[in-house]
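So this block is work_15.cif, mmCIF, C-alpha atoms:
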data_target
#
loop_
_atom_site.group_PDB
_atom_site.id
_atom_site.type_symbol
_atom_site.label_atom_id
_atom_site.label_comp_id
_atom_site.auth_asym_id
_atom_site.auth_seq_id
_atom_site.Cartn_x
_atom_site.Cartn_y
_atom_site.Cartn_z
ATOM 1 C CA MET A 1 87.901 77.865 95.301
ATOM 2 C CA PHE A 2 91.493 78.536 94.186
ATOM 3 C CA ASN A 3 94.270 76.286 92.969
ATOM 4 C CA THR A 4 97.459 76.291 95.050
ATOM 5 C CA ARG A 5 101.023 76.077 93.804
ATOM 6 C CA GLU A 6 103.176 73.300 95.178
ATOM 7 C CA GLY A 7 106.491 74.251 96.722
ATOM 8 C CA GLN A 8 105.935 78.009 96.481
ATOM 9 C CA PHE A 9 106.387 78.938 100.097
ATOM 10 C CA GLU A 10 110.100 78.536 100.764
ATOM 11 C CA ALA A 11 111.398 81.455 102.835
ATOM 12 C CA GLY A 12 113.133 84.028 100.668
ATOM 13 C CA ASP A 13 111.768 82.579 97.416
ATOM 14 C CA ILE A 14 108.669 84.637 96.644
ATOM 15 C CA ARG A 15 107.322 85.194 93.154
ATOM 16 C CA THR A 16 107.208 88.691 91.709
ATOM 17 C CA GLU A 17 105.706 87.823 88.324
ATOM 18 C CA TYR A 18 102.031 87.032 87.735
ATOM 19 C CA ARG A 19 100.020 86.583 84.565
ATOM 20 C CA THR A 20 97.595 89.518 84.846
ATOM 21 C CA PHE A 21 99.390 92.278 86.800
ATOM 22 C CA GLU A 22 102.707 93.430 88.229
ATOM 23 C CA VAL A 23 103.754 93.735 91.861
ATOM 24 C CA ASN A 24 106.284 95.955 93.601
ATOM 25 C CA SER A 25 107.332 94.599 96.969
ATOM 26 C CA LEU A 26 107.362 96.721 100.121
ATOM 27 C CA THR A 27 109.877 94.403 101.829
ATOM 28 C CA PRO A 28 111.495 91.119 100.736
ATOM 29 C CA HIS A 29 108.962 89.015 102.668
ATOM 30 C CA ILE A 30 105.753 90.951 103.391
ATOM 31 C CA GLY A 31 103.758 93.533 101.483
ATOM 32 C CA ALA A 32 103.414 94.304 97.780
ATOM 33 C CA GLU A 33 101.696 96.962 95.678
ATOM 34 C CA VAL A 34 99.639 95.574 92.803
ATOM 35 C CA GLU A 35 99.625 97.442 89.474
ATOM 36 C CA GLY A 36 97.216 96.721 86.639
ATOM 37 C CA VAL A 37 93.972 95.721 88.390
ATOM 38 C CA ASP A 38 90.780 97.829 88.354
ATOM 39 C CA LEU A 39 88.645 96.649 91.268
ATOM 40 C CA ALA A 40 85.614 98.511 89.896
ATOM 41 C CA GLN A 41 85.425 95.823 87.217
ATOM 42 C CA PRO A 42 84.452 92.182 87.847
ATOM 43 C CA LEU A 43 87.552 90.029 88.180
ATOM 44 C CA SER A 44 88.203 87.315 85.645
ATOM 45 C CA ASN A 45 88.970 83.882 87.054
ATOM 46 C CA GLU A 46 92.576 84.329 85.975
ATOM 47 C CA GLN A 47 92.857 87.674 87.787
ATOM 48 C CA ALA A 48 91.255 86.259 90.925
ATOM 49 C CA GLN A 49 93.658 83.310 90.905
ATOM 50 C CA ASP A 50 96.644 85.629 90.475
ATOM 51 C CA ILE A 51 95.462 87.851 93.334
ATOM 52 C CA HIS A 52 95.059 84.800 95.536
ATOM 53 C CA ASP A 53 98.559 83.588 94.629
ATOM 54 C CA ALA A 54 100.115 86.995 95.272
ATOM 55 C CA TRP A 55 98.190 87.264 98.543
ATOM 56 C CA MET A 56 99.605 83.924 99.685
ATOM 57 C CA ASP A 57 103.080 85.041 98.639
ATOM 58 C CA TRP A 58 103.088 88.566 100.062
ATOM 59 C CA LYS A 59 100.431 88.410 102.828
ATOM 60 C CA VAL A 60 99.520 92.089 102.327
ATOM 61 C CA LEU A 61 98.442 93.487 98.934
ATOM 62 C CA VAL A 62 98.021 97.216 98.253
ATOM 63 C CA PHE A 63 95.818 98.456 95.388
ATOM 64 C CA ARG A 64 96.235 102.181 94.633
ATOM 65 C CA ASP A 65 93.905 104.631 92.838
ATOM 66 C CA GLN A 66 90.772 102.522 93.078
ATOM 67 C CA GLN A 67 87.371 104.125 92.468
ATOM 68 C CA ILE A 68 84.900 101.653 93.944
ATOM 69 C CA ASP A 69 81.540 101.830 95.685
ATOM 70 C CA ARG A 70 80.342 99.604 98.525
ATOM 71 C CA ASP A 71 78.812 97.009 96.234
ATOM 72 C CA GLN A 72 82.063 96.692 94.273
ATOM 73 C CA HIS A 73 84.047 96.502 97.512
ATOM 74 C CA LYS A 74 81.836 93.674 98.759
ATOM 75 C CA ALA A 75 81.924 91.913 95.392
ATOM 76 C CA PHE A 76 85.731 91.846 95.568
ATOM 77 C CA GLY A 77 85.554 90.359 99.059
ATOM 78 C CA ARG A 78 83.066 87.703 97.995
ATOM 79 C CA ARG A 79 85.491 86.340 95.414
ATOM 80 C CA PHE A 80 87.382 84.941 98.427
ATOM 81 C CA GLY A 81 84.480 83.779 100.608
ATOM 82 C CA ARG A 82 81.442 84.781 102.635
ATOM 83 C CA LEU A 83 81.559 88.233 104.218
ATOM 84 C CA HIS A 84 81.966 88.601 107.973
ATOM 85 C CA VAL A 85 79.705 90.576 110.325
ATOM 86 C CA HIS A 86 81.718 92.297 113.070
ATOM 87 C CA PRO A 87 80.750 91.474 116.694
ATOM 88 C CA MET A 88 80.262 95.207 117.401
ATOM 89 C CA GLN A 89 77.957 95.729 114.424
ATOM 90 C CA HIS A 90 74.964 95.787 116.786
ATOM 91 C CA LYS A 91 76.369 99.086 118.064
ATOM 92 C CA TYR A 92 77.487 100.550 114.754
ATOM 93 C CA GLY A 93 74.362 99.840 112.697
ATOM 94 C CA GLY A 94 74.236 100.355 108.946
ATOM 95 C CA ASP A 95 75.312 97.749 106.399
ATOM 96 C CA PRO A 96 76.203 94.664 108.475
ATOM 97 C CA GLU A 97 78.977 93.639 106.047
ATOM 98 C CA ILE A 98 80.735 97.042 106.100
ATOM 99 C CA LEU A 99 82.816 98.107 109.108
ATOM 100 C CA THR A 100 83.324 101.870 109.144
ATOM 101 C CA VAL A 101 86.808 102.946 110.258
ATOM 102 C CA LYS A 102 86.517 106.646 111.053
ATOM 103 C CA THR A 103 88.714 108.832 113.255
ATOM 104 C CA THR A 104 88.292 112.567 113.862
ATOM 105 C CA ALA A 105 89.431 115.089 116.467
ATOM 106 C CA GLU A 106 86.372 114.086 118.523
ATOM 107 C CA SER A 107 87.152 110.343 118.540
ATOM 108 C CA ALA A 108 87.840 108.749 121.922
ATOM 109 C CA TYR A 109 89.927 106.073 120.180
ATOM 110 C CA THR A 110 90.837 104.858 116.740
ATOM 111 C CA SER A 111 90.199 101.279 115.683
ATOM 112 C CA GLY A 112 93.319 99.156 115.531
ATOM 113 C CA ASP A 113 95.661 101.489 117.447
ATOM 114 C CA GLY A 114 97.780 98.615 118.790
ATOM 115 C CA TRP A 115 99.099 95.307 117.462
ATOM 116 C CA HIS A 116 96.317 92.797 116.810
ATOM 117 C CA THR A 117 94.815 90.255 114.432
ATOM 118 C CA ASP A 118 91.179 90.908 113.520
ATOM 119 C CA VAL A 119 88.481 89.284 115.658
ATOM 120 C CA THR A 120 90.437 86.231 116.825
ATOM 121 C CA CYS A 121 87.803 85.896 119.552
ATOM 122 C CA ASP A 122 85.507 84.294 116.954
ATOM 123 C CA GLU A 123 85.331 80.514 116.725
ATOM 124 C CA VAL A 124 86.325 80.902 113.070
ATOM 125 C CA PRO A 125 88.083 84.282 112.734
ATOM 126 C CA PRO A 126 88.173 86.161 109.424
ATOM 127 C CA LEU A 127 90.678 84.731 106.956
ATOM 128 C CA GLY A 128 91.302 88.161 105.453
ATOM 129 C CA SER A 129 90.279 91.817 105.537
ATOM 130 C CA MET A 130 90.050 94.544 102.883
ATOM 131 C CA LEU A 131 90.239 98.154 104.064
ATOM 132 C CA TYR A 132 89.397 100.868 101.527
ATOM 133 C CA VAL A 133 90.574 104.305 102.673
ATOM 134 C CA THR A 134 89.113 107.364 100.955
ATOM 135 C CA GLU A 135 90.193 110.152 103.351
ATOM 136 C CA THR A 136 93.718 110.453 104.715
ATOM 137 C CA PRO A 137 95.027 112.941 107.299
ATOM 138 C CA GLU A 138 95.613 116.386 105.817
ATOM 139 C CA LYS A 139 99.021 116.808 107.481
ATOM 140 C CA GLY A 140 100.237 113.222 106.985
ATOM 141 C CA GLY A 141 100.400 110.189 109.255
ATOM 142 C CA GLY A 142 97.925 107.362 109.650
ATOM 143 C CA ASP A 143 100.108 104.568 108.226
ATOM 144 C CA THR A 144 99.424 100.926 109.095
ATOM 145 C CA LEU A 145 102.172 98.522 110.119
ATOM 146 C CA PHE A 146 101.813 94.823 109.266
ATOM 147 C CA ALA A 147 103.873 92.065 110.899
ATOM 148 C CA ASP A 148 104.781 88.706 109.316
ATOM 149 C CA MET A 149 103.761 86.086 111.877
ATOM 150 C CA TYR A 150 105.440 83.252 109.960
ATOM 151 C CA LEU A 151 108.729 85.052 110.459
ATOM 152 C CA ALA A 152 107.842 85.965 114.045
ATOM 153 C CA TYR A 153 107.619 82.231 114.792
ATOM 154 C CA ARG A 154 110.802 81.337 112.894
ATOM 155 C CA LEU A 155 112.869 83.972 114.704
ATOM 156 C CA LEU A 156 112.129 82.424 118.110
ATOM 157 C CA SER A 157 114.673 80.011 119.534
ATOM 158 C CA PRO A 158 114.087 76.283 118.925
ATOM 159 C CA SER A 159 113.478 75.737 122.648
ATOM 160 C CA ILE A 160 110.773 78.432 122.821
ATOM 161 C CA ARG A 161 109.151 77.142 119.626
ATOM 162 C CA GLU A 162 108.990 73.635 121.067
ATOM 163 C CA PHE A 163 107.461 74.985 124.298
ATOM 164 C CA LEU A 164 104.799 76.993 122.446
ATOM 165 C CA ASP A 165 103.833 74.344 119.919
ATOM 166 C CA ASP A 166 101.526 72.428 122.277
ATOM 167 C CA LEU A 167 99.916 75.375 124.077
ATOM 168 C CA THR A 168 96.409 76.814 123.726
ATOM 169 C CA ALA A 169 95.281 80.372 124.477
ATOM 170 C CA VAL A 170 91.964 82.078 125.162
ATOM 171 C CA HIS A 171 90.875 84.901 122.845
ATOM 172 C CA ASP A 172 88.192 87.089 124.446
ATOM 173 C CA GLY A 173 86.244 89.806 122.619
ATOM 174 C CA ALA A 174 85.252 91.490 125.875
ATOM 175 C CA GLY A 175 88.855 92.653 126.336
ATOM 176 C CA PRO A 176 88.925 95.224 123.524
ATOM 177 C CA TYR A 177 85.211 95.731 122.931
ATOM 178 C CA VAL A 178 84.226 96.367 126.551
ATOM 179 C CA GLY A 179 87.565 97.132 128.181
ATOM 180 C CA ALA A 180 88.973 99.489 125.539
ATOM 181 C CA TYR A 181 85.952 100.593 123.481
ATOM 182 C CA LYS A 182 83.479 100.726 126.415
ATOM 183 C CA SER A 183 80.708 99.112 124.384
ATOM 184 C CA THR A 184 77.687 97.284 125.753
ATOM 185 C CA PRO A 185 77.835 93.559 124.918
ATOM 186 C CA PRO A 186 75.071 92.049 122.791
ATOM 187 C CA PRO A 187 72.789 89.360 124.277
ATOM 188 C CA GLY A 188 75.002 86.409 125.174
ATOM 189 C CA GLY A 189 78.140 88.556 125.313
ATOM 190 C CA TYR A 190 81.031 88.936 122.910
ATOM 191 C CA PRO A 191 82.688 85.813 121.446
ATOM 192 C CA LYS A 192 85.313 83.973 123.481
ATOM 193 C CA ASN A 193 87.221 80.988 122.111
ATOM 194 C CA GLU A 194 90.393 78.941 122.496
ATOM 195 C CA HIS A 195 92.951 78.631 119.697
ATOM 196 C CA PRO A 196 96.417 77.041 119.524
ATOM 197 C CA VAL A 197 99.295 79.388 120.292
ATOM 198 C CA VAL A 198 100.973 78.109 117.116
ATOM 199 C CA ILE A 199 98.774 77.283 114.132
ATOM 200 C CA ARG A 200 99.412 76.087 110.579
ATOM 201 C CA HIS A 201 98.180 78.122 107.657
ATOM 202 C CA PRO A 202 95.478 76.055 105.915
ATOM 203 C CA VAL A 203 96.979 76.772 102.467
ATOM 204 C CA THR A 204 100.746 77.053 102.984
ATOM 205 C CA ARG A 205 100.884 74.603 105.948
ATOM 206 C CA GLU A 206 103.591 76.802 107.498
ATOM 207 C CA LYS A 207 103.606 77.482 111.244
ATOM 208 C CA ILE A 208 102.355 80.853 112.545
ATOM 209 C CA LEU A 209 102.604 82.498 115.950
ATOM 210 C CA TYR A 210 98.926 83.080 116.773
ATOM 211 C CA VAL A 211 98.563 85.249 119.871
ATOM 212 C CA ASN A 212 97.956 88.988 119.883
ATOM 213 C CA PRO A 213 97.549 91.687 122.548
ATOM 214 C CA GLY A 214 94.201 92.774 121.111
ATOM 215 C CA PHE A 215 92.344 89.589 121.997
ATOM 216 C CA THR A 216 94.519 86.960 123.721
ATOM 217 C CA SER A 217 93.745 87.009 127.458
ATOM 218 C CA HIS A 218 95.792 84.070 128.775
ATOM 219 C CA ILE A 219 97.426 80.732 128.005
ATOM 220 C CA VAL A 220 95.532 77.685 129.178
ATOM 221 C CA GLY A 221 97.326 75.545 131.785
ATOM 222 C CA LEU A 222 99.798 78.200 132.929
ATOM 223 C CA GLY A 223 99.576 80.230 136.110
ATOM 224 C CA ARG A 224 98.520 83.858 135.771
ATOM 225 C CA ALA A 225 102.043 85.213 136.217
ATOM 226 C CA GLU A 226 103.511 82.542 133.927
ATOM 227 C CA SER A 227 100.952 83.260 131.209
ATOM 228 C CA ARG A 228 101.491 87.012 131.475
ATOM 229 C CA ALA A 229 105.264 86.628 131.242
ATOM 230 C CA VAL A 230 105.084 84.405 128.143
ATOM 231 C CA LEU A 231 102.527 86.594 126.359
ATOM 232 C CA ASP A 232 104.371 89.814 127.180
ATOM 233 C CA MET A 233 107.581 88.313 125.804
ATOM 234 C CA LEU A 234 105.823 87.358 122.559
ATOM 235 C CA TYR A 235 104.102 90.734 122.240
ATOM 236 C CA GLN A 236 107.407 92.549 122.742
ATOM 237 C CA HIS A 237 108.975 90.272 120.139
ATOM 238 C CA VAL A 238 106.494 91.541 117.541
ATOM 239 C CA ALA A 239 106.460 95.163 118.683
ATOM 240 C CA THR A 240 110.253 95.589 118.839
ATOM 241 C CA THR A 241 111.425 93.623 115.787
ATOM 242 C CA PRO A 242 111.175 95.947 112.752
ATOM 243 C CA ARG A 243 112.432 93.119 110.529
ATOM 244 C CA LEU A 244 108.928 91.618 110.804
ATOM 245 C CA TRP A 245 107.114 94.652 109.448
ATOM 246 C CA CYS A 246 106.005 96.370 106.300
ATOM 247 C CA ARG A 247 104.431 99.823 106.368
ATOM 248 C CA VAL A 248 101.448 100.857 104.231
ATOM 249 C CA ASP A 249 101.437 104.576 103.452
ATOM 250 C CA TRP A 250 97.783 105.283 102.754
ATOM 251 C CA LYS A 251 96.737 107.615 99.970
ATOM 252 C CA PRO A 252 93.102 108.386 99.099
ATOM 253 C CA ASN A 253 91.342 105.541 97.282
ATOM 254 C CA THR A 254 93.770 102.853 98.411
ATOM 255 C CA LEU A 255 92.532 99.343 99.214
ATOM 256 C CA THR A 256 94.717 96.977 101.239
ATOM 257 C CA PHE A 257 93.953 93.260 101.447
ATOM 258 C CA TRP A 258 95.727 91.327 104.203
ATOM 259 C CA ASP A 259 95.839 87.671 105.221
ATOM 260 C CA ASN A 260 94.428 87.757 108.740
ATOM 261 C CA ARG A 261 95.734 84.282 109.557
ATOM 262 C CA CYS A 262 99.442 85.062 109.275
ATOM 263 C CA THR A 263 99.722 88.783 110.056
ATOM 264 C CA GLN A 264 99.172 91.301 112.796
ATOM 265 C CA HIS A 265 98.664 94.999 112.148
ATOM 266 C CA HIS A 266 98.832 98.307 113.980
ATOM 267 C CA ALA A 267 96.983 101.400 112.741
ATOM 268 C CA VAL A 268 99.171 104.263 113.912
ATOM 269 C CA TRP A 269 97.198 107.177 115.403
ATOM 270 C CA ASP A 270 99.751 109.930 114.881
ATOM 271 C CA TYR A 271 97.552 112.444 113.049
ATOM 272 C CA PHE A 272 95.411 114.114 115.741
ATOM 273 C CA PRO A 273 93.486 116.414 115.220
ATOM 274 C CA ASN A 274 93.211 115.444 111.530
ATOM 275 C CA SER A 275 90.753 112.868 110.222
ATOM 276 C CA ARG A 276 90.932 109.525 108.466
ATOM 277 C CA TYR A 277 88.071 107.530 106.912
ATOM 278 C CA GLY A 278 87.799 104.058 105.462
ATOM 279 C CA GLU A 279 85.493 101.070 105.162
ATOM 280 C CA ARG A 280 86.419 97.434 105.705
ATOM 281 C CA VAL A 281 85.014 94.126 104.627
ATOM 282 C CA SER A 282 86.312 90.892 106.086
ATOM 283 C CA ILE A 283 85.987 87.344 104.780
ATOM 284 C CA VAL A 284 84.859 84.499 107.027
ATOM 285 C CA GLY A 285 87.327 81.666 107.393
ATOM 286 C CA ASP A 286 86.298 78.156 106.386
ATOM 287 C CA GLN A 287 87.862 76.370 109.373
ATOM 288 C CA ARG A 288 88.972 76.972 112.939
ATOM 289 C CA PRO A 289 92.653 77.798 113.479
ATOM 290 C CA ALA A 290 94.459 74.498 113.988
ATOM 291 C CA ALA A 291 97.970 73.328 114.819
#

Rewrite the structure of this file - the entire thing - as structure tokens.
Amino acid sequence: MFNTREGQFEAGDIRTEYRTFEVNSLTPHIGAEVEGVDLAQPLSNEQAQDIHDAWMDWKVLVFRDQQIDRDQHKAFGRRFGRLHVHPMQHKYGGDPEILTVKTTAESAYTSGDGWHTDVTCDEVPPLGSMLYVTETPEKGGGDTLFADMYLAYRLLSPSIREFLDDLTAVHDGAGPYVGAYKSTPPPGGYPKNEHPVVIRHPVTREKILYVNPGFTSHIVGLGRAESRAVLDMLYQHVATTPRLWCRVDWKPNTLTFWDNRCTQHHAVWDYFPNSRYGERVSIVGDQRPAA
């Protein structure tokens, strides 16, 4: 669908100039705000290519002051692939391609309050997600942290990287959807699949650490205690290394588009009893995660 640029993915060498808009980076390696794109209007092929390039470069793109409806939101998502239907949509109802992200003082939980990558329990997880937030907490808070999982892999020691490279892990949707959200599984249960612990991005071909506490239940071939120790070490690596992160400060009518293959995110619930409202579309990947 999109052309790719050869040799563009060297660490520390990320483009900041594009043909159809400007970007302002949030950190040197992850996160950028895009200026000069109106998502209420159909994208030209040149704009779509630039957004794809910037998305590959920065992993997380933030579009401020967007006035879009659901059809325009979905049209933007469809420029990058087929839209995903969330495994819990049978419970939520409504438009199957729109995931409502709503938290109030009456909420038992807020979606994404913990480090995770979206729906890695699927055989082919979403390649990206677009969250459009229209209501932000009155007294502040509600930011989302994003972690660069390319860098998370590179910061591990060579010995640990070599150990992880050949491992496979189980990603189980029942963990969060039943265990945390207390939902009733659909017929046949929630998805459960195995993926490599270290994958390669299908576009950049760079290695990515691909386990997350939201969905990864255990590492295949290790004992329970061994698996728990390895996963806990990796989860702590992400959760305690601020160098990996960028922080998106939501304002009303902000849309953020993240690459779900090479990031994790954490929606911080620090605004009780205030409310936050957004809607998300996700794009189905075109291949299983692979080493």

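Closest approach to Ile283 (chain A) among A:His195, A:Arg64, A:Arg70, A:Arg261: A:Arg261, based on all atoms listed in the file.
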
Check: Around (86.6, 86.4, 98.4) in the file's frame, which residues reach within 10 Å when counting only C-alpha atoms? Return as a PyMOL selection string?
Finding: chain A and resi 1+48+52+74-83+127-130+282-284

Margin query: Please compute the CA of Val211 (chain A)-CA of Glu226 (chain A) distance, one decimal, in Å.
Written below: 15.1 Å

Item checked: region 140-146 of chain A environment, 7 Å, all atoms listed in the file, sequence neighbours closer than 2 positions dropped, as a ChimeraX atom specification -> /A:137-138,148,245-250,263-271

Selection from above, C-alpha atoms, as a PDB file, in the frame of the given file, can you write it?
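The resulting again-v1.pdb:
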ATOM      1  CA  PRO A 137      95.027 112.941 107.299  1.00  0.00           C
ATOM      2  CA  GLU A 138      95.613 116.386 105.817  1.00  0.00           C
ATOM      3  CA  ASP A 148     104.781  88.706 109.316  1.00  0.00           C
ATOM      4  CA  TRP A 245     107.114  94.652 109.448  1.00  0.00           C
ATOM      5  CA  CYS A 246     106.005  96.370 106.300  1.00  0.00           C
ATOM      6  CA  ARG A 247     104.431  99.823 106.368  1.00  0.00           C
ATOM      7  CA  VAL A 248     101.448 100.857 104.231  1.00  0.00           C
ATOM      8  CA  ASP A 249     101.437 104.576 103.452  1.00  0.00           C
ATOM      9  CA  TRP A 250      97.783 105.283 102.754  1.00  0.00           C
ATOM     10  CA  THR A 263      99.722  88.783 110.056  1.00  0.00           C
ATOM     11  CA  GLN A 264      99.172  91.301 112.796  1.00  0.00           C
ATOM     12  CA  HIS A 265      98.664  94.999 112.148  1.00  0.00           C
ATOM     13  CA  HIS A 266      98.832  98.307 113.980  1.00  0.00           C
ATOM     14  CA  ALA A 267      96.983 101.400 112.741  1.00  0.00           C
ATOM     15  CA  VAL A 268      99.171 104.263 113.912  1.00  0.00           C
ATOM     16  CA  TRP A 269      97.198 107.177 115.403  1.00  0.00           C
ATOM     17  CA  ASP A 270      99.751 109.930 114.881  1.00  0.00           C
ATOM     18  CA  TYR A 271      97.552 112.444 113.049  1.00  0.00           C
TER      19      TYR A 271
END

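CA of Tyr177 (chain A) lies 13.9 Å from CA of Thr117 (chain A).
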
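If you measure from each of A:Arg19, A:His218, A:Lys139, A:Arg280 to Glu97 (chain A) using all atoms listed in the file, the closest one turns out to be A:Arg280.
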
Using the file's own x, y and z axes, so that the box edges lie along x, y and z, what centre and edge lengths in Å (one decimal) does a box around every listed atom of region 86-89 of chain A get when 8 Å is added on each side? Give it as JSON.
{"center_x": 79.8, "center_y": 93.6, "center_z": 115.2, "size_x": 19.8, "size_y": 20.3, "size_z": 20.3}

Next item on the list: Could you give me, as a PyMOL selection string, the residues within 8 Å of Val238 (chain A), counting all atoms listed in the file and dropping anything in the same chain fewer than 6 positions from it?
Entry: chain A and resi 147+152+244

Kindly export the residues of the current selection with C-alpha atoms, as a PDB file, in the frame of the given file.
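Saved as selection.pdb:
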ATOM      1  CA  ALA A 147     103.873  92.065 110.899  1.00  0.00           C
ATOM      2  CA  ALA A 152     107.842  85.965 114.045  1.00  0.00           C
ATOM      3  CA  LEU A 244     108.928  91.618 110.804  1.00  0.00           C
TER       4      LEU A 244
END

Item checked: Closest of A:Ser183, A:Gly188, A:Leu156, A:Asp122 to Met233 (chain A) - atom-to-atom distances counting only C-alpha atoms -> A:Leu156

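Residue nearest Leu61 (chain A), chosen from A:Glu206, A:Glu279, A:Asp165, A:Glu22 and counting all atoms listed in the file: A:Glu22.
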
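Evaluated on this file, the PyMOL selection byres ((chain A and resi 161) around 12) matches Ala152, Tyr153, Arg154, Leu155, Leu156, Ser157, Pro158, Ser159, Ile160, Glu162, Phe163, Leu164, Asp165, Asp166, Leu167, Val197, Val198, Ile199, Lys207, Ile208, Leu209, Val230 and Leu234 of chain A.
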
Residues just named, written with C-alpha atoms as a PDB file, keeping the file's coordinate frame:
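The new file out23.pdb reads:
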ATOM      1  CA  ALA A 152     107.842  85.965 114.045  1.00  0.00           C
ATOM      2  CA  TYR A 153     107.619  82.231 114.792  1.00  0.00           C
ATOM      3  CA  ARG A 154     110.802  81.337 112.894  1.00  0.00           C
ATOM      4  CA  LEU A 155     112.869  83.972 114.704  1.00  0.00           C
ATOM      5  CA  LEU A 156     112.129  82.424 118.110  1.00  0.00           C
ATOM      6  CA  SER A 157     114.673  80.011 119.534  1.00  0.00           C
ATOM      7  CA  PRO A 158     114.087  76.283 118.925  1.00  0.00           C
ATOM      8  CA  SER A 159     113.478  75.737 122.648  1.00  0.00           C
ATOM      9  CA  ILE A 160     110.773  78.432 122.821  1.00  0.00           C
ATOM     10  CA  GLU A 162     108.990  73.635 121.067  1.00  0.00           C
ATOM     11  CA  PHE A 163     107.461  74.985 124.298  1.00  0.00           C
ATOM     12  CA  LEU A 164     104.799  76.993 122.446  1.00  0.00           C
ATOM     13  CA  ASP A 165     103.833  74.344 119.919  1.00  0.00           C
ATOM     14  CA  ASP A 166     101.526  72.428 122.277  1.00  0.00           C
ATOM     15  CA  LEU A 167      99.916  75.375 124.077  1.00  0.00           C
ATOM     16  CA  VAL A 197      99.295  79.388 120.292  1.00  0.00           C
ATOM     17  CA  VAL A 198     100.973  78.109 117.116  1.00  0.00           C
ATOM     18  CA  ILE A 199      98.774  77.283 114.132  1.00  0.00           C
ATOM     19  CA  LYS A 207     103.606  77.482 111.244  1.00  0.00           C
ATOM     20  CA  ILE A 208     102.355  80.853 112.545  1.00  0.00           C
ATOM     21  CA  LEU A 209     102.604  82.498 115.950  1.00  0.00           C
ATOM     22  CA  VAL A 230     105.084  84.405 128.143  1.00  0.00           C
ATOM     23  CA  LEU A 234     105.823  87.358 122.559  1.00  0.00           C
TER      24      LEU A 234
END

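Here CA of Ile98 (chain A) stands at a distance of 7.8 Å from CA of Val85 (chain A).
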
Note to self: Here is a test: counting all atoms listed in the file, which residue of A:Leu231, A:Ala290, A:Val124, A:Val220 is nearest to Pro196 (chain A)?
What the structure shows: A:Ala290

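What the PyMOL selection byres ((chain A and resi 191-194) around 6) picks from this file is A:Cys121, A:Asp122, A:Glu123, A:Ala169, A:Val170, A:His171, A:Asp172, A:Gly173, A:Tyr190, A:His195.
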
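Among the candidates A:Tyr277, A:Phe257, A:Tyr18, A:Trp115, the residue lying nearest to Val101 (chain A) is A:Tyr277 (atoms considered: only C-alpha atoms).
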
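Protein and nucleic acid residues near (84.4, 102.8, 118.3) are Met88, Lys91, Tyr92, Val101, Lys102, Thr103, Ser107, Ala108, Tyr109, Thr110, Ser111, Tyr177, Tyr181, Lys182 and Ser183 of chain A, the criterion being any atom at most 9 Å away using only C-alpha atoms.
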
Take the PyMOL selection byres ((chain A and resi 33) around 6), run it mentally on this structure, and tell me the resulting residues as a JSON list (two decimals) with C-alpha atoms, in the frame of the given file.
[["chain", "number", "residue", "atom", "x", "y", "z"],
["A", 23, "VAL", "CA", 103.75, 93.74, 91.86],
["A", 24, "ASN", "CA", 106.28, 95.96, 93.60],
["A", 32, "ALA", "CA", 103.41, 94.30, 97.78],
["A", 34, "VAL", "CA", 99.64, 95.57, 92.80],
["A", 61, "LEU", "CA", 98.44, 93.49, 98.93],
["A", 62, "VAL", "CA", 98.02, 97.22, 98.25]]
